[in-house]
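**Student:** So here's input22.pdb, just PDB, C-alpha atoms and all ligand atoms:
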ATOM      1  CA  MET B 363     -38.550 -51.652 -39.584
ATOM      2  CA  GLN B 364     -37.113 -54.340 -37.288
ATOM      3  CA  LYS B 365     -34.208 -53.262 -35.085
ATOM      4  CA  LEU B 366     -31.028 -55.204 -34.357
ATOM      5  CA  SER B 367     -30.298 -56.202 -30.780
ATOM      6  CA  VAL B 368     -26.674 -56.082 -29.676
ATOM      7  CA  VAL B 369     -25.401 -57.254 -26.286
ATOM      8  CA  LEU B 370     -22.299 -55.604 -24.839
ATOM      9  CA  GLN B 371     -20.413 -56.028 -21.572
ATOM     10  CA  LYS B 372     -21.946 -53.703 -18.975
ATOM     11  CA  SER B 373     -18.684 -52.707 -17.374
ATOM     12  CA  GLY B 374     -15.232 -54.163 -17.670
ATOM     13  CA  LYS B 375     -12.296 -54.459 -19.993
ATOM     14  CA  LEU B 376     -14.462 -54.617 -23.146
ATOM     15  CA  SER B 377     -16.828 -51.712 -22.398
ATOM     16  CA  ASP B 378     -14.831 -48.668 -23.517
ATOM     17  CA  GLY B 379     -13.671 -50.367 -26.711
ATOM     18  CA  CYS B 380     -17.282 -51.227 -27.627
ATOM     19  CA  VAL B 381     -18.541 -47.679 -27.064
ATOM     20  CA  THR B 382     -15.642 -46.257 -29.105
ATOM     21  CA  LEU B 383     -16.211 -48.733 -31.949
ATOM     22  CA  PHE B 384     -19.911 -47.834 -32.287
ATOM     23  CA  GLN B 385     -19.115 -44.122 -31.935
ATOM     24  CA  ARG B 386     -16.684 -44.425 -34.848
ATOM     25  CA  CYS B 387     -19.494 -46.143 -36.770
ATOM     26  CA  GLY B 388     -21.667 -43.058 -36.172
ATOM     27  CA  ILE B 389     -23.755 -44.712 -33.442
ATOM     28  CA  GLU B 390     -23.642 -42.979 -30.038
ATOM     29  CA  ILE B 391     -24.308 -45.138 -26.976
ATOM     30  CA  LYS B 392     -25.416 -42.693 -24.289
ATOM     31  CA  ALA B 393     -26.451 -45.066 -21.521
ATOM     32  CA  ALA B 394     -26.435 -43.955 -17.868
ATOM     33  CA  LYS B 395     -24.114 -45.882 -15.505
ATOM     34  CA  ASN B 396     -26.690 -48.431 -14.346
ATOM     35  CA  GLN B 397     -28.873 -48.484 -17.463
ATOM     36  CA  LEU B 398     -29.152 -52.036 -18.852
ATOM     37  CA  LEU B 399     -30.948 -51.214 -22.103
ATOM     38  CA  PHE B 400     -30.235 -48.349 -24.509
ATOM     39  CA  GLN B 401     -32.348 -47.817 -27.576
ATOM     40  CA  ASP B 402     -30.709 -46.182 -30.541
ATOM     41  CA  ASP B 403     -33.422 -45.090 -32.934
ATOM     42  CA  ALA B 404     -31.266 -43.206 -35.426
ATOM     43  CA  PHE B 405     -29.563 -46.347 -36.792
ATOM     44  CA  GLY B 406     -31.904 -48.955 -35.319
ATOM     45  CA  ILE B 407     -30.108 -50.892 -32.568
ATOM     46  CA  ASP B 408     -31.299 -51.955 -29.119
ATOM     47  CA  PHE B 409     -28.211 -52.277 -26.931
ATOM     48  CA  ILE B 410     -28.372 -54.679 -23.982
ATOM     49  CA  PHE B 411     -25.718 -54.577 -21.264
ATOM     50  CA  ALA B 412     -24.801 -57.792 -19.457
ATOM     51  CA  ARG B 413     -21.901 -59.607 -17.773
ATOM     52  CA  ASP B 414     -19.566 -60.917 -20.441
ATOM     53  CA  ASP B 415     -20.140 -64.523 -19.277
ATOM     54  CA  ASP B 416     -23.824 -64.249 -20.255
ATOM     55  CA  ILE B 417     -23.209 -62.822 -23.743
ATOM     56  CA  PRO B 418     -22.615 -66.077 -25.707
ATOM     57  CA  GLY B 419     -25.785 -67.593 -24.196
ATOM     58  CA  LEU B 420     -27.894 -64.549 -25.062
ATOM     59  CA  VAL B 421     -26.746 -64.824 -28.676
ATOM     60  CA  GLU B 422     -27.038 -68.620 -28.816
ATOM     61  CA  ASN B 423     -30.595 -68.482 -27.502
ATOM     62  CA  ASN B 424     -31.649 -65.835 -30.044
ATOM     63  CA  ILE B 425     -32.290 -63.197 -27.371
ATOM     64  CA  CYS B 426     -29.756 -60.919 -29.072
ATOM     65  CA  ASP B 427     -28.707 -60.799 -32.733
ATOM     66  CA  LEU B 428     -25.105 -59.801 -32.082
ATOM     67  CA  GLY B 429     -22.705 -59.646 -29.172
ATOM     68  CA  ILE B 430     -19.136 -58.615 -28.394
ATOM     69  CA  VAL B 431     -16.935 -60.827 -26.208
ATOM     70  CA  GLY B 432     -13.302 -61.799 -25.794
ATOM     71  CA  GLU B 433     -12.227 -64.728 -27.995
ATOM     72  CA  ASN B 434     -10.993 -66.465 -24.830
ATOM     73  CA  LEU B 435     -14.482 -66.493 -23.322
ATOM     74  CA  LEU B 436     -16.010 -67.791 -26.521
ATOM     75  CA  GLN B 437     -13.478 -70.632 -26.719
ATOM     76  CA  GLU B 438     -14.226 -71.560 -23.137
ATOM     77  CA  TYR B 439     -17.984 -71.390 -23.752
ATOM     78  CA  ASN B 440     -17.557 -73.651 -26.775
ATOM     79  CA  ALA B 441     -20.844 -73.104 -28.620
ATOM     80  CA  ASP B 442     -20.857 -74.643 -32.086
ATOM     81  CA  SER B 443     -23.756 -72.523 -33.309
ATOM     82  CA  ILE B 444     -21.956 -69.239 -32.611
ATOM     83  CA  ASN B 445     -20.098 -67.613 -35.406
ATOM     84  CA  ILE B 446     -17.298 -64.994 -35.228
ATOM     85  CA  VAL B 447     -18.401 -62.273 -37.641
ATOM     86  CA  THR B 448     -15.179 -60.315 -37.317
ATOM     87  CA  LYS B 449     -12.286 -59.771 -34.960
ATOM     88  CA  LEU B 450     -12.336 -56.233 -33.594
ATOM     89  CA  GLY B 451      -8.718 -55.480 -32.740
ATOM     90  CA  PHE B 452      -9.229 -54.213 -29.167
ATOM     91  CA  ALA B 453      -9.033 -55.791 -25.668
ATOM     92  CA  LYS B 454      -6.020 -57.760 -26.874
ATOM     93  CA  CYS B 455      -4.561 -60.142 -24.306
ATOM     94  CA  ARG B 456      -3.004 -63.591 -23.984
ATOM     95  CA  LEU B 457      -3.767 -66.635 -21.883
ATOM     96  CA  SER B 458      -0.479 -67.557 -20.266
ATOM     97  CA  LEU B 459       1.070 -69.945 -17.822
ATOM     98  CA  ALA B 460       2.972 -68.282 -14.991
ATOM     99  CA  HIS B 461       4.867 -69.481 -11.935
ATOM    100  CA  LEU B 462       6.265 -67.882  -8.795
ATOM    101  CA  LYS B 463       9.564 -66.060  -9.298
ATOM    102  CA  THR B 464      11.138 -68.512  -6.871
ATOM    103  CA  ALA B 465      10.016 -71.613  -8.822
ATOM    104  CA  ASN B 466      11.648 -72.974 -11.934
ATOM    105  CA  PHE B 467       9.510 -74.052 -14.875
ATOM    106  CA  SER B 468      10.963 -73.847 -18.345
ATOM    107  CA  SER B 469       9.267 -76.449 -20.529
ATOM    108  CA  ILE B 470       5.815 -77.958 -20.895
ATOM    109  CA  ASN B 471       7.034 -81.223 -19.414
ATOM    110  CA  ASP B 472       7.781 -79.474 -16.118
ATOM    111  CA  LEU B 473       3.999 -79.221 -15.694
ATOM    112  CA  ASN B 474       3.573 -82.991 -15.321
ATOM    113  CA  ASP B 475       2.035 -83.901 -11.934
ATOM    114  CA  LYS B 476       1.706 -80.219 -11.004
ATOM    115  CA  SER B 477      -1.482 -78.268 -10.239
ATOM    116  CA  ILE B 478      -2.588 -75.290 -12.349
ATOM    117  CA  ALA B 479      -5.157 -72.704 -11.202
ATOM    118  CA  THR B 480      -7.288 -71.098 -13.914
ATOM    119  CA  SER B 481     -10.672 -69.634 -14.856
ATOM    120  CA  TYR B 482     -10.299 -71.317 -18.274
ATOM    121  CA  PRO B 483     -10.387 -75.085 -17.545
ATOM    122  CA  LYS B 484     -11.630 -76.060 -21.014
ATOM    123  CA  ILE B 485      -8.934 -74.196 -22.953
ATOM    124  CA  LEU B 486      -6.275 -75.359 -20.503
ATOM    125  CA  SER B 487      -7.309 -79.023 -20.583
ATOM    126  CA  GLY B 488      -7.287 -78.916 -24.421
ATOM    127  CA  PHE B 489      -3.765 -77.502 -24.318
ATOM    128  CA  LEU B 490      -2.546 -80.099 -21.802
ATOM    129  CA  ARG B 491      -4.112 -82.942 -23.775
ATOM    130  CA  ALA B 492      -2.557 -81.740 -27.021
ATOM    131  CA  ASN B 493       0.845 -81.681 -25.341
ATOM    132  CA  ASN B 494       0.480 -84.984 -23.451
ATOM    133  CA  VAL B 495       0.845 -83.304 -20.094
ATOM    134  CA  ASN B 496      -0.767 -84.762 -17.025
ATOM    135  CA  ALA B 497      -1.499 -81.900 -14.603
ATOM    136  CA  LYS B 498      -4.315 -81.190 -12.152
ATOM    137  CA  ILE B 499      -6.569 -78.257 -13.031
ATOM    138  CA  VAL B 500      -7.897 -76.128 -10.146
ATOM    139  CA  THR B 501     -10.792 -73.970 -11.344
ATOM    140  CA  MET B 502     -11.092 -70.494  -9.800
ATOM    141  CA  HIS B 503     -13.468 -67.697 -10.747
ATOM    142  CA  GLY B 504     -11.163 -64.796  -9.884
ATOM    143  CA  SER B 505      -7.970 -63.780  -8.052
ATOM    144  CA  VAL B 506      -6.154 -66.605  -9.835
ATOM    145  CA  GLU B 507      -2.834 -64.815  -9.308
ATOM    146  CA  LEU B 508      -3.156 -65.570  -5.600
ATOM    147  CA  ALA B 509      -3.124 -69.367  -6.014
ATOM    148  CA  PRO B 510       0.636 -70.123  -5.930
ATOM    149  CA  GLN B 511       1.241 -67.712  -3.042
ATOM    150  CA  ILE B 512      -1.284 -69.427  -0.775
ATOM    151  CA  GLY B 513      -0.478 -72.951  -1.925
ATOM    152  CA  ILE B 514      -3.646 -73.691  -3.927
ATOM    153  CA  ALA B 515      -1.670 -74.495  -7.080
ATOM    154  CA  ASP B 516       1.904 -74.610  -8.409
ATOM    155  CA  VAL B 517       1.223 -72.637 -11.574
ATOM    156  CA  ILE B 518      -1.500 -70.322 -12.895
ATOM    157  CA  CYS B 519      -3.045 -70.008 -16.326
ATOM    158  CA  ASP B 520      -4.612 -66.548 -16.651
ATOM    159  CA  LEU B 521      -5.117 -63.591 -18.948
ATOM    160  CA  VAL B 522      -2.221 -61.178 -19.241
ATOM    161  CA  SER B 523      -2.230 -57.813 -20.900
ATOM    162  CA  SER B 524       0.548 -55.486 -19.701
ATOM    163  CA  GLY B 525       2.014 -58.093 -17.321
ATOM    164  CA  ALA B 526       1.778 -55.678 -14.356
ATOM    165  CA  THR B 527      -0.571 -57.910 -12.309
ATOM    166  CA  LEU B 528       1.761 -60.907 -12.620
ATOM    167  CA  LYS B 529       4.690 -58.771 -11.511
ATOM    168  CA  GLU B 530       2.781 -57.331  -8.555
ATOM    169  CA  ASN B 531       2.093 -60.883  -7.395
ATOM    170  CA  GLY B 532       5.650 -62.168  -7.782
ATOM    171  CA  LEU B 533       4.804 -64.278 -10.856
ATOM    172  CA  VAL B 534       6.736 -64.886 -14.073
ATOM    173  CA  GLU B 535       5.024 -65.642 -17.395
ATOM    174  CA  PHE B 536       6.641 -68.628 -19.057
ATOM    175  CA  MET B 537       4.318 -69.748 -21.847
ATOM    176  CA  VAL B 538       1.526 -68.217 -23.924
ATOM    177  CA  ILE B 539      -1.156 -70.822 -24.662
ATOM    178  CA  ALA B 540      -3.692 -68.673 -26.537
ATOM    179  CA  LYS B 541      -4.140 -65.136 -27.844
ATOM    180  CA  SER B 542      -7.371 -63.185 -27.668
ATOM    181  CA  GLU B 543      -9.078 -59.983 -28.744
ATOM    182  CA  ALA B 544     -12.661 -58.700 -28.799
ATOM    183  CA  VAL B 545     -14.839 -60.376 -31.429
ATOM    184  CA  LEU B 546     -18.277 -59.656 -32.857
ATOM    185  CA  ILE B 547     -20.456 -62.776 -32.676
ATOM    186  CA  ASN B 548     -23.805 -63.915 -34.059
ATOM    187  CA  LYS B 549     -25.731 -67.138 -34.410
ATOM    188  CA  GLN B 550     -25.858 -68.778 -37.819
ATOM    189  CA  ASN B 551     -29.347 -67.490 -38.424
ATOM    190  CA  SER B 552     -31.259 -66.217 -41.345
ATOM    191  CA  PHE B 553     -32.593 -62.763 -40.583
ATOM    192  CA  SER B 554     -35.611 -61.038 -42.053
ATOM    193  CA  ASP B 555     -34.758 -58.873 -45.091
ATOM    194  CA  SER B 556     -34.968 -55.607 -43.166
ATOM    195  CA  LYS B 557     -32.800 -56.929 -40.300
ATOM    196  CA  GLN B 558     -30.254 -58.349 -42.760
ATOM    197  CA  ALA B 559     -30.111 -54.974 -44.524
ATOM    198  CA  LEU B 560     -29.389 -53.263 -41.194
ATOM    199  CA  LEU B 561     -26.730 -55.855 -40.340
ATOM    200  CA  ASP B 562     -25.062 -55.342 -43.732
ATOM    201  CA  ARG B 563     -25.007 -51.562 -43.157
ATOM    202  CA  LEU B 564     -23.496 -52.034 -39.692
ATOM    203  CA  LEU B 565     -20.854 -54.460 -40.990
ATOM    204  CA  LEU B 566     -19.888 -52.062 -43.777
ATOM    205  CA  ARG B 567     -19.281 -49.385 -41.143
ATOM    206  CA  ILE B 568     -17.362 -51.708 -38.796
ATOM    207  CA  THR B 569     -15.168 -52.959 -41.644
ATOM    208  CA  GLY B 570     -14.537 -49.363 -42.707
ATOM    209  CA  VAL B 571     -13.455 -48.427 -39.179
ATOM    210  CA  LEU B 572     -11.206 -51.488 -38.777
ATOM    211  CA  GLN B 573      -9.580 -51.015 -42.167
ATOM    212  CA  ALA B 574      -8.948 -47.357 -41.439
ATOM    213  CA  GLU B 575      -7.407 -48.220 -38.067
ATOM    214  CA  ARG B 576      -4.792 -50.485 -39.631
ATOM    215  CA  ASN B 577      -3.965 -48.308 -42.610
ATOM    216  CA  ARG B 578      -2.196 -45.004 -43.058
ATOM    217  CA  TYR B 579      -2.169 -42.391 -45.817
ATOM    218  CA  ILE B 580       1.427 -41.468 -46.586
ATOM    219  CA  MET B 581       2.621 -38.472 -48.567
ATOM    220  CA  MET B 582       6.208 -37.596 -49.444
ATOM    221  CA  HIS B 583       8.473 -35.965 -52.002
ATOM    222  CA  ILE B 584      11.080 -38.080 -53.767
ATOM    223  CA  ASP B 585      13.263 -38.212 -56.868
ATOM    224  CA  ARG B 586      11.280 -39.750 -59.743
ATOM    225  CA  SER B 587      14.122 -42.282 -60.300
ATOM    226  CA  ARG B 588      13.722 -43.727 -56.753
ATOM    227  CA  LEU B 589      10.053 -44.664 -57.220
ATOM    228  CA  PRO B 590      10.705 -48.436 -57.772
ATOM    229  CA  GLU B 591      12.634 -48.607 -54.464
ATOM    230  CA  LEU B 592       9.869 -46.749 -52.653
ATOM    231  CA  ILE B 593       7.241 -49.208 -53.925
ATOM    232  CA  LYS B 594       9.291 -52.081 -52.499
ATOM    233  CA  ILE B 595       9.468 -50.429 -49.065
ATOM    234  CA  LEU B 596       5.770 -49.604 -48.661
ATOM    235  CA  PRO B 597       3.284 -52.470 -48.685
ATOM    236  CA  GLY B 598       0.224 -51.602 -50.759
ATOM    237  CA  GLY B 599       2.173 -49.021 -52.704
ATOM    238  CA  GLU B 600       1.910 -50.759 -56.084
ATOM    239  CA  SER B 601      -0.316 -48.041 -57.589
ATOM    240  CA  PRO B 602       0.648 -44.780 -55.919
ATOM    241  CA  THR B 603      -0.837 -41.446 -56.863
ATOM    242  CA  ILE B 604       1.919 -39.302 -58.401
ATOM    243  CA  LEU B 605       1.792 -35.522 -58.593
ATOM    244  CA  GLU B 606       4.148 -33.058 -60.313
ATOM    245  CA  LEU B 607       6.007 -30.534 -58.134
ATOM    246  CA  GLN B 608       6.058 -27.009 -59.542
ATOM    247  CA  GLY B 609       9.566 -25.951 -60.636
ATOM    248  CA  MET B 610      11.179 -29.311 -59.647
ATOM    249  CA  PRO B 611      10.968 -31.559 -62.733
ATOM    250  CA  GLN B 612      13.105 -34.403 -61.285
ATOM    251  CA  LYS B 613      10.963 -34.668 -58.124
ATOM    252  CA  ILE B 614       7.440 -35.960 -57.563
ATOM    253  CA  ALA B 615       4.949 -36.017 -54.714
ATOM    254  CA  VAL B 616       3.810 -39.572 -53.953
ATOM    255  CA  HIS B 617       0.590 -40.468 -52.106
ATOM    256  CA  ILE B 618       0.111 -44.057 -50.912
ATOM    257  CA  VAL B 619      -2.367 -45.878 -48.699
ATOM    258  CA  SER B 620      -0.218 -48.253 -46.666
ATOM    259  CA  LEU B 621      -2.017 -51.481 -45.813
ATOM    260  CA  GLU B 622       0.036 -51.941 -42.670
ATOM    261  CA  GLU B 623       1.048 -49.820 -39.749
ATOM    262  CA  VAL B 624       3.986 -47.556 -40.636
ATOM    263  CA  PHE B 625       6.806 -48.046 -38.140
ATOM    264  CA  TRP B 626       9.833 -45.830 -37.593
ATOM    265  CA  ASP B 627      12.130 -48.252 -39.407
ATOM    266  CA  THR B 628      10.014 -47.832 -42.559
ATOM    267  CA  ILE B 629      10.341 -44.047 -42.278
ATOM    268  CA  GLU B 630      14.109 -44.468 -41.887
ATOM    269  CA  LYS B 631      14.254 -46.593 -45.041
ATOM    270  CA  LEU B 632      12.288 -43.925 -46.933
ATOM    271  CA  LYS B 633      14.738 -41.270 -45.735
ATOM    272  CA  GLU B 634      17.624 -43.465 -46.918
ATOM    273  CA  ILE B 635      16.288 -43.412 -50.485
ATOM    274  CA  GLY B 636      15.969 -39.618 -50.349
ATOM    275  CA  ALA B 637      12.295 -39.118 -49.418
ATOM    276  CA  SER B 638      11.505 -35.770 -47.777
ATOM    277  CA  SER B 639       8.427 -33.942 -46.416
ATOM    278  CA  ILE B 640       7.043 -37.301 -45.245
ATOM    279  CA  LEU B 641       3.537 -37.124 -43.775
ATOM    280  CA  VAL B 642       1.854 -40.192 -42.203
ATOM    281  CA  ILE B 643      -1.839 -39.524 -41.674
ATOM    282  CA  PRO B 644      -4.434 -41.671 -39.904
ATOM    283  CA  ILE B 645      -7.417 -42.590 -42.052
ATOM    284  CA  GLU B 646     -10.848 -42.031 -40.535
ATOM    285  CA  LYS B 647     -12.928 -44.279 -42.787
ATOM    286  CA  MET B 648     -11.924 -46.605 -45.570
ATOM    287  CA  ILE B 649     -14.515 -48.280 -47.789
ATOM    288  CA  PHE B 650     -13.555 -50.510 -50.708
TER     289      PHE B 650
HETATM  290  O1  LIG B 701     -18.120 -58.420 -14.855
HETATM  291  P1  LIG B 701     -17.894 -59.266 -16.054
HETATM  292  O2  LIG B 701     -18.118 -60.729 -15.825
HETATM  293  O3  LIG B 701     -18.623 -58.747 -17.258
HETATM  294  O4  LIG B 701     -16.352 -59.040 -16.420
HETATM  295  P2  LIG B 701     -15.065 -59.935 -16.097
HETATM  296  O5  LIG B 701     -14.456 -59.399 -14.840
HETATM  297  O6  LIG B 701     -15.360 -61.376 -16.175
HETATM  298  O7  LIG B 701     -14.167 -59.623 -17.365
HETATM  299  P3  LIG B 701     -13.113 -58.441 -17.631
HETATM  300  O8  LIG B 701     -13.805 -57.141 -17.770
HETATM  301  O9  LIG B 701     -11.974 -58.514 -16.654
HETATM  302  O10 LIG B 701     -12.557 -58.934 -19.043
HETATM  303  C1  LIG B 701     -13.385 -59.045 -20.156
HETATM  304  C2  LIG B 701     -12.559 -59.493 -21.345
HETATM  305  O11 LIG B 701     -11.561 -58.503 -21.618
HETATM  306  C3  LIG B 701     -11.773 -60.771 -21.152
HETATM  307  O12 LIG B 701     -12.552 -61.938 -21.390
HETATM  308  C4  LIG B 701     -10.655 -60.619 -22.181
HETATM  309  O13 LIG B 701     -11.097 -61.061 -23.450
HETATM  310  C5  LIG B 701     -10.441 -59.109 -22.249
HETATM  311  N1  LIG B 701      -9.204 -58.661 -21.555
HETATM  312  C6  LIG B 701      -8.219 -57.931 -22.133
HETATM  313  C7  LIG B 701      -8.853 -58.901 -20.296
HETATM  314  C8  LIG B 701      -7.612 -58.303 -20.091
HETATM  315  N2  LIG B 701      -7.246 -57.690 -21.252
HETATM  316  C9  LIG B 701      -6.987 -58.391 -18.806
HETATM  317  N3  LIG B 701      -5.878 -57.876 -18.631
HETATM  318  N4  LIG B 701      -9.474 -59.568 -19.284
HETATM  319  C10 LIG B 701      -8.912 -59.628 -18.084
HETATM  320  N5  LIG B 701      -7.693 -59.073 -17.795
HETATM  321  C11 LIG B 701      -7.257 -59.196 -16.387
HETATM  322  C12 LIG B 701      -6.501 -60.501 -16.117
HETATM  323  O14 LIG B 701      -7.406 -61.537 -15.764
HETATM  324  C13 LIG B 701      -5.608 -60.133 -14.949
HETATM  325  O15 LIG B 701      -6.269 -60.226 -13.721
HETATM  326  O16 LIG B 701      -6.367 -58.165 -16.042
HETATM  327  C14 LIG B 701      -5.313 -58.679 -15.233
HETATM  328  C15 LIG B 701      -4.005 -58.626 -15.974
HETATM  329  O17 LIG B 701      -3.803 -57.391 -16.605
HETATM  330  P4  LIG B 701      -2.315 -56.815 -16.779
HETATM  331  O18 LIG B 701      -2.479 -55.624 -17.685
HETATM  332  O19 LIG B 701      -1.846 -56.424 -15.408
HETATM  333  O20 LIG B 701      -1.468 -57.889 -17.404
HETATM  334 ZN    ZN B 702     -17.047 -62.306 -16.652
END
Would you give me this structure, written as structure tokens?
Ligand code: PRT
Ligand code: ZN
**Tutor:**
Amino acid sequence: MQKLSVVLQKSGKLSDGCVTLFQRCGIEIKAAKNQLLFQDDAFGIDFIFARDDDIPGLVENNICDLGIVGENLLQEYNADSINIVTKLGFAKCRLSLAHLKTANFSSINDLNDKSIATSYPKILSGFLRANNVNAKIVTMHGSVELAPQIGIADVICDLVSSGATLKENGLVEFMVIAKSEAVLINKQNSFSDSKQALLDRLLLRITGVLQAERNRYIMMHIDRSRLPELIKILPGGESPTILELQGMPQKIAVHIVSLEEVFWDTIEKLKEIGASSILVIPIEKMIF
């Protein structure tokens, strides 16, 4: 049987999320710290570890069947033959414009004739072109946050997650130009039957994990007469499971798989219509 080859970032902001994703798919990656190749024989994957910048090229050149990168990197790499198989919901961040606290930028037009430091010149130039802004792009490969402080550029365009790094460097985010998360990529290839079968099995597991992550199993007790209101509150609750409660003929137990995250305001609305004994339970796997 042919194995699949999957390239992951060796170490960085994508690594832990990748290991956790495969672990939840029943595939343990037990590579030592400096190991660059890990062979999983139980499922049938050869894992390759590389710098994230090299991942699109390894997939494009058919060295690896699949890879995981940030959407931002893929956009910057700009390979037409690479396909996003699925978004993965981790390593979420945004590509933002930021200026020194002491400066004053409030609209896109304020960027005219200014200089912007970034590691994402392609995405940034596309954004500037689309908005008819004429600014100079200064390409840097790291420490972009330093640029305005040492006079290399007026503004930066960099990835932001919590915002802590901007704050530590006296910068203020003033515009998000793109959003990103980890994505699974492949090349539009036709695989051999056995490889395709393995890929289908892997995708079924990944989809199951992602679906389960978003959804919740909710159980509660409620007056039978309030059921229509409850269905309106909970998305995906159109066909709930309804169980009788012993000795309480007017009440029922309702079980629903919610297709969205359940926030506190939803719980409050359920309480308002008289729901009690509300349990919100994470789902481990969900296969349709
Ligand atoms: O060594 P290698 O080349 O493989 O890694 P790298 O240093 O180039 O990339 P890495 O590990 O920093 O990021 C890999 C991918 O993770 C990125 O392409 C994004 O898709 C995603 N990601 C998610 C992030 C962040 N969050 C993030 N916060 N990438 C970088 N950052 C950096 C950002 O550049 C800034 O310096 O973290 C800092 C800001 O973080 P906050 O939380 O302080 O806002
Ligand atoms: Zn990199």
**Student:** Sorted by chain and rising residue number, which residues of range 514-613 of chain B lie within 12 Å of range 398-415 of chain B, and what are their closest atom pairs and distances in Å to one decimal, counting only C-alpha atoms, as CSV?
**Tutor:**
residue,atom,partner,partner_atom,distance
B:Ala544,CA,B:Asp414,CA,11.1
B:Val545,CA,B:Asp414,CA,12.0
B:Ser556,CA,B:Gly406,CA,10.7
B:Lys557,CA,B:Gly406,CA,9.4
B:Ala559,CA,B:Gly406,CA,11.1
B:Leu560,CA,B:Gly406,CA,7.7
B:Leu561,CA,B:Ile407,CA,9.8
B:Arg563,CA,B:Phe405,CA,9.4
B:Leu564,CA,B:Phe405,CA,8.8
B:Arg567,CA,B:Phe405,CA,11.6
**Student:** So how many Å separate CA of Thr480 in chain B and CA of Val517 in chain B, to one decimal?
**Tutor:**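 Going from CA of Thr480 in chain B over to CA of Val517 in chain B, I get 9.0 Å.
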**Student:** Each residue of range 396-476 of chain B lying at most 12 Å from range 573-579 of chain B should get a row with its shortest atom-to-atom pair and the distance in Å to one decimal, counting all atoms listed in the file; could you produce that, ordered by chain and increasing number, as a tab-separated table?
**Tutor:**
residue	atom	partner	partner_atom	distance
B:Thr448	CA	B:Gln573	CA	11.9
B:Lys449	CA	B:Gln573	CA	11.7
B:Leu450	CA	B:Gln573	CA	10.4
B:Gly451	CA	B:Glu575	CA	9.1
B:Phe452	CA	B:Glu575	CA	10.9
**Student:** Keeping only C-alpha atoms, take the residues you just selected and write them out as an mmCIF file, in the coordinates of the input.
**Tutor:**
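Listed below is the output, out10.cif:
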data_model
loop_
_atom_site.group_PDB
_atom_site.id
_atom_site.type_symbol
_atom_site.label_atom_id
_atom_site.label_comp_id
_atom_site.auth_asym_id
_atom_site.auth_seq_id
_atom_site.Cartn_x
_atom_site.Cartn_y
_atom_site.Cartn_z
ATOM 1 C CA THR B 448 -15.179 -60.315 -37.317
ATOM 2 C CA LYS B 449 -12.286 -59.771 -34.960
ATOM 3 C CA LEU B 450 -12.336 -56.233 -33.594
ATOM 4 C CA GLY B 451 -8.718 -55.480 -32.740
ATOM 5 C CA PHE B 452 -9.229 -54.213 -29.167
#
**Student:** Glu422 in chain B: which residues within 8 Å, counting all atoms listed in the file, same-chain residues fewer than 3 positions away excluded, as a ChimeraX atom specification?
**Tutor:** /B:418-419,425,441,443-444,548-549
**Student:** For those residues, write C-alpha atoms to a file as a PDB file, keeping the file's coordinate frame.
**Tutor:**
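Result file follows (again_6.pdb):
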ATOM      1  CA  PRO B 418     -22.615 -66.077 -25.707  1.00  0.00           C
ATOM      2  CA  GLY B 419     -25.785 -67.593 -24.196  1.00  0.00           C
ATOM      3  CA  ILE B 425     -32.290 -63.197 -27.371  1.00  0.00           C
ATOM      4  CA  ALA B 441     -20.844 -73.104 -28.620  1.00  0.00           C
ATOM      5  CA  SER B 443     -23.756 -72.523 -33.309  1.00  0.00           C
ATOM      6  CA  ILE B 444     -21.956 -69.239 -32.611  1.00  0.00           C
ATOM      7  CA  ASN B 548     -23.805 -63.915 -34.059  1.00  0.00           C
ATOM      8  CA  LYS B 549     -25.731 -67.138 -34.410  1.00  0.00           C
TER       9      LYS B 549
END
**Student:** Could you make a table, as JSON lines, of the residues of chain B that have an atom within 12 Å of an atom of ligand ZN 702 (chain B), each with its nearest atom pair and distance in Å to one decimal, counting all atoms listed in the file, in chain and number order?
**Tutor:**
{"residue": "B:Leu370", "atom": "CA", "partner": "B:ZN702", "partner_atom": "ZN", "distance": 11.8}
{"residue": "B:Gln371", "atom": "CA", "partner": "B:ZN702", "partner_atom": "ZN", "distance": 8.7}
{"residue": "B:Lys372", "atom": "CA", "partner": "B:ZN702", "partner_atom": "ZN", "distance": 10.2}
{"residue": "B:Ser373", "atom": "CA", "partner": "B:ZN702", "partner_atom": "ZN", "distance": 9.8}
{"residue": "B:Gly374", "atom": "CA", "partner": "B:ZN702", "partner_atom": "ZN", "distance": 8.4}
{"residue": "B:Lys375", "atom": "CA", "partner": "B:ZN702", "partner_atom": "ZN", "distance": 9.8}
{"residue": "B:Leu376", "atom": "CA", "partner": "B:ZN702", "partner_atom": "ZN", "distance": 10.4}
{"residue": "B:Ala412", "atom": "CA", "partner": "B:ZN702", "partner_atom": "ZN", "distance": 9.4}
{"residue": "B:Arg413", "atom": "CA", "partner": "B:ZN702", "partner_atom": "ZN", "distance": 5.7}
{"residue": "B:Asp414", "atom": "CA", "partner": "B:ZN702", "partner_atom": "ZN", "distance": 4.8}
{"residue": "B:Asp415", "atom": "CA", "partner": "B:ZN702", "partner_atom": "ZN", "distance": 4.6}
{"residue": "B:Asp416", "atom": "CA", "partner": "B:ZN702", "partner_atom": "ZN", "distance": 7.9}
{"residue": "B:Ile417", "atom": "CA", "partner": "B:ZN702", "partner_atom": "ZN", "distance": 9.4}
{"residue": "B:Pro418", "atom": "CA", "partner": "B:ZN702", "partner_atom": "ZN", "distance": 11.3}
{"residue": "B:Val431", "atom": "CA", "partner": "B:ZN702", "partner_atom": "ZN", "distance": 9.7}
{"residue": "B:Gly432", "atom": "CA", "partner": "B:ZN702", "partner_atom": "ZN", "distance": 9.9}
{"residue": "B:Asn434", "atom": "CA", "partner": "B:ZN702", "partner_atom": "ZN", "distance": 11.0}
{"residue": "B:Leu435", "atom": "CA", "partner": "B:ZN702", "partner_atom": "ZN", "distance": 8.3}
{"residue": "B:Leu436", "atom": "CA", "partner": "B:ZN702", "partner_atom": "ZN", "distance": 11.3}
{"residue": "B:Glu438", "atom": "CA", "partner": "B:ZN702", "partner_atom": "ZN", "distance": 11.6}
{"residue": "B:Tyr439", "atom": "CA", "partner": "B:ZN702", "partner_atom": "ZN", "distance": 11.6}
{"residue": "B:Ser481", "atom": "CA", "partner": "B:ZN702", "partner_atom": "ZN", "distance": 9.9}
{"residue": "B:Tyr482", "atom": "CA", "partner": "B:ZN702", "partner_atom": "ZN", "distance": 11.4}
{"residue": "B:His503", "atom": "CA", "partner": "B:ZN702", "partner_atom": "ZN", "distance": 8.8}
{"residue": "B:Gly504", "atom": "CA", "partner": "B:ZN702", "partner_atom": "ZN", "distance": 9.3}
